[in-house]
Amino acid sequence: MEPPGGVTSGRARGPYDQGLDERQQMDSEQNTEKVVRSDAEWRAQLDRDAYAVLRGAATEPPFTGEYVDQKADGTYRCRGCGAELFASGTKFDSRSGWPSFTDPMVADAVELKTDTSHGMVRTEVLCARCGGHLGHVFDDGPGASGQRYCINSVALDFDERSAG
Ligand SMILES: [Zn+2]
């Protein structure tokens with residue numbers, strides 16, 4: 001079904017154009033810009049465990065996450081949107097079973113929210129860029145900040161710093 005040559009022939013390949021536009025938009029986004037996706041888009045993008053944590057505020061079982069014992073130098077990013085969240089230099093062994101950090105990479109990389117679920121009052125840690133649930137922050141950390149960011153591995157991606 002070729003359109004007759006002439007005025008309407010230019011915009012026939014809609015779906016492809018759209019995909020390309022979205023990709024370009026992602027690449028050009030700055031860290032400060034919010035990432036907003038529909039639930040269906042998140043489901044398509046994230047694997048089941050990452051979706052349950054980032055979009056459903058689930059908690060991965062302790063001592064199961066891939067970054068619990070990760071000691072390499074590098075940067076931890078949000079698995080939802082790629083925002084840089086935590087640096088390896090602030091990671092410490094909390095023996096809690098989850099990756100733990102004393103501080104976010106920059107203060108406004110994360111958003112904090114009071115969470116009263118499960119009969120507790122906790123402070124939820126969210127990615128400031130995409131609103132994804134990362135974990136909770138507690139005030140029993142070992143660093144100068146006194147804070148312990150208790151973060152699900154499955155909410156993170158790790159970029160190892162290349163040697164040299
Ligand atoms: Zn994010």
# chains A, B, ... in the order shown; residues from 1 in each chain; ligands from 1
$ closest_atom_pairs --of "chain A" --to "ligand 1" --cutoff "7 Å" --atoms "only C-alpha atoms and all ligand atoms" --output "tab-separated table"
residue	atom	partner	partner_atom_place_in_ligand_line	distance
A:Cys78	CA	ligand 1	1 (Zn)	4.6
A:Arg79	CA	ligand 1	1 (Zn)	6.5
A:Gly80	CA	ligand 1	1 (Zn)	4.7
A:Cys81	CA	ligand 1	1 (Zn)	4.1
A:Gly82	CA	ligand 1	1 (Zn)	6.1
A:Ala83	CA	ligand 1	1 (Zn)	5.5
A:Cys127	CA	ligand 1	1 (Zn)	4.6
A:Ala128	CA	ligand 1	1 (Zn)	6.6
A:Arg129	CA	ligand 1	1 (Zn)	5.0
A:Cys130	CA	ligand 1	1 (Zn)	4.1
A:Gly131	CA	ligand 1	1 (Zn)	6.1
A:Gly132	CA	ligand 1	1 (Zn)	5.4
$ write_last_selection --atoms "C-alpha atoms" --output "CSV table (one decimal), in the first residue's frame"
chain,number,residue,atom,x,y,z
A,78,CYS,CA,20.5,4.0,39.1
A,79,ARG,CA,19.4,0.9,37.1
A,80,GLY,CA,16.3,2.7,36.1
A,81,CYS,CA,17.8,5.8,34.5
A,82,GLY,CA,21.6,5.7,34.7
A,83,ALA,CA,22.0,8.6,37.1
A,127,CYS,CA,16.5,8.3,42.7
A,128,ALA,CA,15.9,12.0,42.3
A,129,ARG,CA,16.0,11.6,38.5
A,130,CYS,CA,13.5,8.9,37.9
A,131,GLY,CA,11.8,8.5,41.3
A,132,GLY,CA,12.9,4.8,41.5
$ residues_around --residues "stretch 48-62 of chain A" --least-positions-apart "4" --cutoff "6 Å" --atoms "only C-alpha atoms" --output "JSON, numbers by chain"
{"A": [97, 98, 132, 133, 154, 155]}
$ residues_around --residues "A:Asp157" --least-positions-apart "3" --cutoff "12 Å" --atoms "only C-alpha atoms" --output "list in words"
Leu46, Ala50, Gly65, Glu66, Tyr67, Gln70, Gly74, Thr75, Tyr76, Arg77, Cys78, Arg79, Gly80, Cys81, Gly82, Ala83, Glu84, Leu85, Phe86, Ala87, Pro99, Leu134, Ile151, Asn152, Ser153, Val154 and Glu160 of chain A
$ closest_residue --among "A:Val35, A:Ala40, A:Leu112, A:Val121" --to "A:Tyr149" --atoms "only C-alpha atoms"
A:Leu112
$ atom_distance --atom1 "atom CA of A:Asp73" --atom2 "atom CA of A:Leu126"
23.0 Å
$ atom_distance --atom1 "atom CA of A:Glu41" --atom2 "atom CA of A:Ser117"
26.0 Å
$ closest_residue --among "A:Val125, A:Gly135, A:Ser94, A:Ala44" --to "A:Ala107" --atoms "only C-alpha atoms"
A:Val125
$ atom_distance --atom1 "atom CA of A:Val137" --atom2 "atom CA of A:Thr123"
5.6 Å
$ select_by_dssp --residues "stretch 15-147 of chain A" --states "strand (DSSP E)" --output "number ranges by chain"
A: 74-78, 84-87, 91-92, 100-101, 110-115, 122-127, 133-138
$ select_by_dssp --residues "stretch 26-141 of chain A" --states "helix (DSSP H, G or I)" --output "PyMOL selection string"
chain A and resi 26-28+39-45+48-54+88-90+107-109+117-119
$ closest_residue --among "A:Asp103, A:Glu124, A:Glu111, A:Asp39" --to "A:Arg148" --atoms "only C-alpha atoms"
A:Asp103
